[in-house]
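Source file: my_file-v9.cif (mmCIF, C-alpha atoms)
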```cif
data_my_file
#
loop_
_atom_site.label_atom_id
_atom_site.label_comp_id
_atom_site.auth_asym_id
_atom_site.auth_seq_id
_atom_site.Cartn_x
_atom_site.Cartn_y
_atom_site.Cartn_z
CA MET B 294 50.51 -44.99 -220.43
CA ASN B 295 49.40 -47.29 -217.58
CA LYS B 296 53.00 -48.35 -216.94
CA ARG B 297 54.08 -44.75 -216.30
CA ARG B 298 51.47 -44.36 -213.58
CA HIS B 299 52.89 -47.35 -211.67
CA ILE B 300 56.51 -46.14 -211.72
CA PRO B 301 56.10 -43.51 -208.93
CA ILE B 302 54.28 -46.03 -206.74
CA PHE B 303 56.97 -48.62 -207.35
CA LEU B 304 59.73 -46.10 -206.50
CA LEU B 305 57.93 -45.07 -203.31
CA LEU B 306 57.56 -48.68 -202.17
CA LEU B 307 61.18 -49.41 -203.03
CA SER B 308 62.43 -46.44 -201.01
CA LEU B 309 60.28 -47.35 -197.99
CA ALA B 310 61.49 -50.94 -198.04
CA GLY B 311 65.04 -49.75 -197.36
CA CYS B 312 64.08 -47.66 -194.36
CA GLY B 313 63.50 -50.50 -191.94
CA VAL B 314 61.55 -49.98 -188.73
CA TYR B 315 62.03 -46.72 -186.91
CA ASN B 316 61.41 -46.46 -183.20
CA PHE B 317 60.56 -42.90 -182.11
CA THR B 318 62.11 -43.43 -178.67
CA GLY B 319 65.48 -44.20 -180.22
CA GLY B 320 65.69 -47.48 -178.32
CA ASP B 321 67.55 -50.34 -179.94
CA VAL B 322 66.78 -53.54 -178.08
CA GLY B 323 68.48 -55.68 -180.70
CA THR B 324 67.47 -59.31 -180.27
CA ALA B 325 66.53 -58.87 -176.60
CA GLU B 326 62.98 -59.86 -175.69
CA THR B 327 62.96 -59.45 -171.90
CA PHE B 328 64.41 -57.24 -169.19
CA THR B 329 64.85 -57.40 -165.44
CA VAL B 330 65.16 -54.48 -163.04
CA ASN B 331 66.55 -55.69 -159.74
CA TYR B 332 65.50 -53.83 -156.60
CA PHE B 333 67.57 -50.64 -156.19
CA GLN B 334 68.65 -50.59 -152.52
CA ASN B 335 68.73 -47.22 -150.78
CA TYR B 336 72.25 -46.60 -149.45
CA ALA B 337 71.97 -42.80 -149.50
CA SER B 338 72.44 -42.50 -145.74
CA GLN B 339 75.98 -43.90 -146.15
CA SER B 340 77.01 -40.78 -148.10
CA PRO B 341 78.01 -37.80 -145.90
CA GLY B 342 75.30 -35.13 -145.98
CA SER B 343 72.70 -37.46 -147.48
CA THR B 344 69.49 -38.46 -145.79
CA PHE B 345 67.37 -41.60 -145.96
CA ASP B 346 63.92 -41.33 -147.56
CA PRO B 347 61.78 -44.39 -146.71
CA GLY B 348 60.16 -45.99 -149.74
CA LEU B 349 62.48 -44.27 -152.22
CA ASP B 350 64.00 -47.60 -153.28
CA ARG B 351 60.65 -49.13 -154.26
CA GLU B 352 59.43 -45.92 -155.88
CA TYR B 353 62.58 -45.61 -157.99
CA THR B 354 62.67 -49.29 -159.03
CA LEU B 355 59.06 -49.11 -160.25
CA SER B 356 59.71 -45.88 -162.17
CA LEU B 357 62.60 -47.44 -164.11
CA GLN B 358 60.52 -50.53 -164.90
CA ASP B 359 57.65 -48.34 -166.14
CA LEU B 360 59.88 -46.27 -168.42
CA ILE B 361 61.40 -49.34 -170.10
CA LEU B 362 57.97 -50.98 -170.47
CA ASN B 363 56.54 -47.81 -172.02
CA GLN B 364 59.41 -47.10 -174.40
CA THR B 365 60.22 -50.60 -175.66
CA SER B 366 58.48 -53.79 -176.69
CA LEU B 367 60.41 -55.76 -174.06
CA ASP B 368 58.64 -57.92 -171.49
CA LEU B 369 59.44 -57.44 -167.80
CA VAL B 370 60.56 -60.66 -166.06
CA SER B 371 61.49 -61.12 -162.41
CA SER B 372 64.86 -62.75 -163.17
CA ASN B 373 67.19 -63.76 -166.01
CA GLY B 374 66.07 -61.06 -168.44
CA ASP B 375 68.06 -60.51 -171.62
CA LEU B 376 68.77 -57.03 -170.26
CA LEU B 377 69.53 -56.52 -166.58
CA TYR B 378 69.46 -53.25 -164.64
CA GLU B 379 70.69 -53.18 -161.06
CA GLY B 380 72.28 -50.76 -158.66
CA GLU B 381 71.71 -48.60 -155.64
CA ILE B 382 70.60 -45.13 -154.62
CA VAL B 383 73.79 -43.50 -153.35
CA GLU B 384 72.76 -39.91 -152.62
CA TYR B 385 69.66 -38.07 -151.44
CA ARG B 386 70.68 -34.58 -150.40
CA VAL B 387 68.97 -31.25 -149.76
CA SER B 388 71.28 -28.23 -149.94
CA PRO B 389 70.76 -24.46 -149.99
CA MET B 390 71.30 -22.94 -153.44
CA SER B 391 70.96 -19.17 -153.14
CA ALA B 392 70.79 -16.70 -150.26
CA THR B 393 68.70 -13.63 -149.53
CA ALA B 394 70.07 -10.30 -148.30
CA GLU B 395 69.38 -11.53 -144.77
CA GLN B 396 71.76 -14.48 -145.32
CA ARG B 397 68.92 -17.00 -145.42
CA ALA B 398 68.41 -19.64 -148.07
CA ALA B 399 66.10 -18.49 -150.86
CA GLN B 400 66.13 -21.77 -152.72
CA ASN B 401 66.93 -25.38 -151.87
CA ARG B 402 68.01 -28.19 -154.16
CA LEU B 403 67.14 -31.87 -153.82
CA SER B 404 69.80 -34.00 -155.52
CA ILE B 405 69.53 -37.74 -156.12
CA SER B 406 72.32 -39.96 -157.44
CA ILE B 407 71.91 -43.56 -158.54
CA ASN B 408 74.66 -46.02 -159.36
CA VAL B 409 73.57 -48.34 -162.20
CA ARG B 410 75.01 -51.55 -163.57
CA PHE B 411 73.66 -52.68 -166.93
CA PHE B 412 74.17 -56.09 -168.54
CA ASN B 413 73.06 -57.17 -172.02
CA LYS B 414 73.10 -60.93 -172.67
CA THR B 415 72.41 -60.41 -176.37
CA LYS B 416 75.08 -57.83 -177.23
CA GLU B 417 78.67 -58.28 -176.15
CA GLY B 418 80.44 -55.17 -174.85
CA ALA B 419 77.26 -53.22 -174.10
CA GLU B 420 77.64 -53.48 -170.32
CA PHE B 421 78.40 -50.49 -168.12
CA GLU B 422 78.47 -49.24 -164.55
CA LYS B 423 77.79 -45.56 -164.18
CA ARG B 424 76.45 -42.99 -161.73
CA PHE B 425 73.45 -40.91 -162.82
CA SER B 426 72.34 -37.75 -161.01
CA PHE B 427 69.79 -34.99 -161.29
CA PHE B 428 68.24 -32.31 -159.08
CA PHE B 429 65.09 -30.34 -158.34
CA ASP B 430 65.15 -26.75 -157.08
CA TYR B 431 62.36 -25.45 -154.86
CA PRO B 432 61.71 -22.35 -152.71
CA ALA B 433 63.29 -22.44 -149.27
CA THR B 434 59.93 -21.35 -147.87
CA SER B 435 58.54 -24.76 -148.88
CA GLN B 436 59.08 -27.96 -146.96
CA LEU B 437 60.51 -30.90 -148.91
CA ALA B 438 57.43 -32.94 -147.99
CA SER B 439 55.21 -30.49 -149.92
CA VAL B 440 57.24 -30.81 -153.17
CA ARG B 441 58.53 -34.37 -152.71
CA ASP B 442 56.25 -36.12 -155.21
CA GLU B 443 56.85 -33.54 -157.95
CA ALA B 444 60.59 -33.51 -157.24
CA HIS B 445 60.87 -37.30 -157.42
CA GLU B 446 58.88 -37.39 -160.67
CA VAL B 447 61.12 -34.78 -162.32
CA ILE B 448 64.36 -36.32 -161.06
CA PHE B 449 63.39 -39.92 -161.84
CA GLU B 450 62.23 -38.98 -165.34
CA ARG B 451 65.57 -37.36 -166.16
CA ILE B 452 67.74 -40.06 -164.57
CA ASN B 453 65.71 -42.87 -166.16
CA GLN B 454 65.87 -41.25 -169.60
CA ASP B 455 69.65 -40.90 -169.22
CA ILE B 456 69.90 -44.60 -168.23
CA PHE B 457 67.67 -45.58 -171.16
CA ASN B 458 69.80 -43.54 -173.58
CA GLU B 459 73.02 -45.01 -172.21
CA SER B 460 71.76 -48.59 -172.39
CA LEU B 461 69.50 -48.68 -175.44
CA ALA B 462 69.81 -45.55 -177.57
CA ASP B 463 71.84 -46.25 -180.68
CA TRP B 464 72.61 -42.77 -181.94
#
```
Re-express the file's structure as structure tokens.
Amino acid sequence: MNKRRHIPIFLLLLSLAGCGVYNFTGGDVGTAETFTVNYFQNYASQSPGSTFDPGLDREYTLSLQDLILNQTSLDLVSSNGDLLYEGEIVEYRVSPMSATAEQRAAQNRLSISINVRFFNKTKEGAEFEKRFSFFFDYPATSQLASVRDEAHEVIFERINQDIFNESLADW
């Protein structure tokens, strides 16, 4: 009778052994141990209709580093990481989105676009160059300065998650 009691435990352990390690973020770093995020230069003013936001380059670079640190076990290094992220901010634009009956803007949209190049020294063919964009809508009665921090947080979170999924998610 004792042997029958051990069979369910043995089957449970056997089934769990085949599952491997699951990462809830969906990130697959493979054999990579380190990553580097080069400084994302702000070239937004070179795009017609875009404006230059001082400090955006540093703010964005740090936000991408933080996301990768928080969602992987990789170590951040200043150069020669197994994974390399680099690129530039190519658009920072505020545009009216909807109008009132008086032909005035009722809502504005802040759009940010970032061109990213990704290199993976540990996995051949995983490299890419791609443009990532997102936006934040806010009332036209508000100044951008009053919603800037919230807008950047929302936009960076979405863009960074898209970059993370493109570079490390193995769905």
Considering all atoms listed in the file, give me a table of residues in region 338-414 of chain B that are at most 7 Å from region 429-444 of chain B, with the closest atom pair and distance in Å for each, as JSON lines.
```
{"residue": "B:Ala398", "atom": "CA", "partner": "B:Ala433", "partner_atom": "CA", "distance": 6.0}
{"residue": "B:Ala399", "atom": "CA", "partner": "B:Ala433", "partner_atom": "CA", "distance": 5.1}
{"residue": "B:Gln400", "atom": "CA", "partner": "B:Pro432", "partner_atom": "CA", "distance": 4.5}
{"residue": "B:Asn401", "atom": "CA", "partner": "B:Ala433", "partner_atom": "CA", "distance": 5.4}
{"residue": "B:Arg402", "atom": "CA", "partner": "B:Asp430", "partner_atom": "CA", "distance": 4.3}
{"residue": "B:Leu403", "atom": "CA", "partner": "B:Phe429", "partner_atom": "CA", "distance": 5.2}
{"residue": "B:Ser404", "atom": "CA", "partner": "B:Phe429", "partner_atom": "CA", "distance": 6.6}
```
Option closest in space to Thr415 (chain B), from B:Phe449, B:Leu376, B:Leu369, B:Leu461 [counting all atoms listed in the file]: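 Result for the nearest residue to Thr415 (chain B): B:Leu376.
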Among the residues B:Met390, B:Ile448, B:Val330, B:Ile456, the one that comes closest to Glu422 (chain B) [using only C-alpha atoms]: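 Of the candidates, the smallest distance to Glu422 (chain B) is held by B:Ile456.
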Selection result for the PyMOL selection byres ((chain B and resi 327) around 8) on this file, as a count of residues only: 11
For the structure provided, state which residues fall under the PyMOL selection byres ((chain B and resi 411) around 8), and present them as a list in words. Leu376, Leu377, Tyr378, Glu379, Val409, Arg410, Phe412, Asn413, Glu420, Phe421, Glu422 and Ser460 of chain B
Residues as selected, C-alpha atoms, written as a PDB file, in the coordinates of the input, can you do that?
```pdb
ATOM      1  CA  LEU B 376      68.770 -57.030-170.260  1.00  0.00           C
ATOM      2  CA  LEU B 377      69.530 -56.520-166.580  1.00  0.00           C
ATOM      3  CA  TYR B 378      69.460 -53.250-164.640  1.00  0.00           C
ATOM      4  CA  GLU B 379      70.690 -53.180-161.060  1.00  0.00           C
ATOM      5  CA  VAL B 409      73.570 -48.340-162.200  1.00  0.00           C
ATOM      6  CA  ARG B 410      75.010 -51.550-163.570  1.00  0.00           C
ATOM      7  CA  PHE B 412      74.170 -56.090-168.540  1.00  0.00           C
ATOM      8  CA  ASN B 413      73.060 -57.170-172.020  1.00  0.00           C
ATOM      9  CA  GLU B 420      77.640 -53.480-170.320  1.00  0.00           C
ATOM     10  CA  PHE B 421      78.400 -50.490-168.120  1.00  0.00           C
ATOM     11  CA  GLU B 422      78.470 -49.240-164.550  1.00  0.00           C
ATOM     12  CA  SER B 460      71.760 -48.590-172.390  1.00  0.00           C
TER      13      SER B 460
END
```
Give me the residues near Asp350 (chain B) as a VMD selection string, where near means some atom within 9 Å (using all atoms listed in the file) and where sequence neighbours in that chain fewer than 3 positions away do not count. chain B and resid 332 to 335 346 to 347 353 to 355 381 to 382
Distance of CA of Ala337 (chain B) from CA of Leu362 (chain B), expressed in Å to one decimal place: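 Value for the CA of Leu362 (chain B)-CA of Ala337 (chain B) distance: 26.5 Å.
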The PyMOL selection byres ((chain B and resi 452) around 12) - which residues does that actually catch in the file I just gave you? List them as a PyMOL selection string. chain B and resi 353-354+356-357+360+382+404-409+423-429+445-451+453-459
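With distances taken over all atoms listed in the file, B:Gly323 is the one residue among B:Gly418, B:Gly348, B:Gly323, B:Pro389 lying closest to Ser366 (chain B).
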Work out how far CA of Ser343 (chain B) is from CA of Ser388 (chain B), in Å to one decimal.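 We find that CA of Ser388 (chain B) and CA of Ser343 (chain B) lie 9.7 Å from each other.
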What is the distance between CA of Gly342 (chain B) and CA of Glu384 (chain B), in Å to one decimal?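 Between CA of Gly342 (chain B) and CA of Glu384 (chain B) the gap is 8.6 Å.
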I need the residue nearest Tyr336 (chain B) from this list: B:Ala419, B:Val383, B:Ala462, B:Ile361. Use only C-alpha atoms for the distance. B:Val383
Since the input is missing atoms for region 415-451 of chain B, could you rebuild it with N, CA and C atoms and give the result as a compact mmCIF listing (two decimals), in the coordinates of the input?
```txt
# COMPACT_ATOMS: atom_id res chain seq x y z
N THR B 415 72.52 -60.22 -174.93
CA THR B 415 72.41 -60.41 -176.37
C THR B 415 73.42 -59.59 -177.18
N LYS B 416 74.15 -58.70 -176.50
CA LYS B 416 75.08 -57.83 -177.23
C LYS B 416 76.36 -57.67 -176.41
N GLU B 417 77.40 -58.30 -176.86
CA GLU B 417 78.67 -58.28 -176.15
C GLU B 417 79.25 -56.85 -176.13
N GLY B 418 79.79 -56.46 -174.98
CA GLY B 418 80.44 -55.17 -174.85
C GLY B 418 79.49 -54.01 -174.57
N ALA B 419 78.23 -54.28 -174.35
CA ALA B 419 77.26 -53.22 -174.10
C ALA B 419 77.08 -52.92 -172.62
N GLU B 420 77.79 -53.64 -171.76
CA GLU B 420 77.64 -53.48 -170.32
C GLU B 420 78.28 -52.18 -169.85
N PHE B 421 77.77 -51.66 -168.73
CA PHE B 421 78.40 -50.49 -168.12
C PHE B 421 78.02 -50.41 -166.64
N GLU B 422 78.81 -49.67 -165.90
CA GLU B 422 78.47 -49.24 -164.55
C GLU B 422 78.72 -47.75 -164.51
N LYS B 423 77.70 -47.01 -164.10
CA LYS B 423 77.79 -45.56 -164.18
C LYS B 423 76.87 -44.92 -163.14
N ARG B 424 77.26 -43.75 -162.69
CA ARG B 424 76.45 -42.99 -161.73
C ARG B 424 75.65 -41.94 -162.48
N PHE B 425 74.35 -41.88 -162.20
CA PHE B 425 73.45 -40.91 -162.82
C PHE B 425 72.87 -40.02 -161.74
N SER B 426 72.81 -38.71 -162.00
CA SER B 426 72.34 -37.75 -161.01
C SER B 426 71.46 -36.70 -161.67
N PHE B 427 70.56 -36.16 -160.87
CA PHE B 427 69.79 -34.99 -161.29
C PHE B 427 69.27 -34.31 -160.03
N PHE B 428 68.64 -33.13 -160.21
CA PHE B 428 68.24 -32.31 -159.08
C PHE B 428 66.89 -31.65 -159.34
N PHE B 429 66.34 -31.10 -158.27
CA PHE B 429 65.09 -30.34 -158.34
C PHE B 429 65.23 -29.16 -157.39
N ASP B 430 65.08 -27.95 -157.91
CA ASP B 430 65.15 -26.75 -157.08
C ASP B 430 63.76 -26.35 -156.64
N TYR B 431 63.65 -25.89 -155.38
CA TYR B 431 62.36 -25.45 -154.86
C TYR B 431 62.59 -24.31 -153.85
N PRO B 432 61.56 -23.49 -153.64
CA PRO B 432 61.71 -22.35 -152.71
C PRO B 432 62.04 -22.82 -151.30
N ALA B 433 62.91 -22.09 -150.63
CA ALA B 433 63.29 -22.44 -149.27
C ALA B 433 62.12 -22.27 -148.31
N THR B 434 61.12 -21.52 -148.72
CA THR B 434 59.93 -21.35 -147.87
C THR B 434 59.06 -22.60 -147.88
N SER B 435 59.30 -23.51 -148.80
CA SER B 435 58.54 -24.76 -148.88
C SER B 435 59.27 -25.88 -148.16
N GLN B 436 58.51 -26.76 -147.56
CA GLN B 436 59.08 -27.96 -146.96
C GLN B 436 59.26 -29.01 -148.05
N LEU B 437 60.28 -29.84 -147.93
CA LEU B 437 60.51 -30.90 -148.91
C LEU B 437 59.28 -31.78 -149.05
N ALA B 438 58.61 -32.07 -147.95
CA ALA B 438 57.43 -32.94 -147.99
C ALA B 438 56.35 -32.39 -148.93
N SER B 439 56.26 -31.08 -149.08
CA SER B 439 55.21 -30.49 -149.92
C SER B 439 55.56 -30.55 -151.41
N VAL B 440 56.83 -30.74 -151.76
CA VAL B 440 57.24 -30.81 -153.17
C VAL B 440 57.83 -32.17 -153.52
N ARG B 441 57.86 -33.07 -152.55
CA ARG B 441 58.53 -34.37 -152.71
C ARG B 441 58.07 -35.13 -153.95
N ASP B 442 56.76 -35.32 -154.10
CA ASP B 442 56.25 -36.12 -155.21
C ASP B 442 56.64 -35.52 -156.56
N GLU B 443 56.48 -34.21 -156.70
CA GLU B 443 56.85 -33.54 -157.95
C GLU B 443 58.36 -33.64 -158.18
N ALA B 444 59.13 -33.44 -157.12
CA ALA B 444 60.59 -33.51 -157.24
C ALA B 444 61.04 -34.89 -157.68
N HIS B 445 60.50 -35.93 -157.06
CA HIS B 445 60.87 -37.30 -157.42
C HIS B 445 60.49 -37.58 -158.87
N GLU B 446 59.31 -37.16 -159.28
CA GLU B 446 58.88 -37.39 -160.67
C GLU B 446 59.84 -36.75 -161.66
N VAL B 447 60.21 -35.50 -161.42
CA VAL B 447 61.12 -34.78 -162.32
C VAL B 447 62.50 -35.44 -162.34
N ILE B 448 63.02 -35.73 -161.16
CA ILE B 448 64.36 -36.32 -161.06
C ILE B 448 64.39 -37.72 -161.66
N PHE B 449 63.42 -38.55 -161.31
CA PHE B 449 63.39 -39.92 -161.84
C PHE B 449 63.26 -39.91 -163.36
N GLU B 450 62.41 -39.04 -163.89
CA GLU B 450 62.23 -38.98 -165.34
C GLU B 450 63.55 -38.69 -166.04
N ARG B 451 64.30 -37.73 -165.54
CA ARG B 451 65.57 -37.36 -166.16
C ARG B 451 66.61 -38.47 -166.01
```
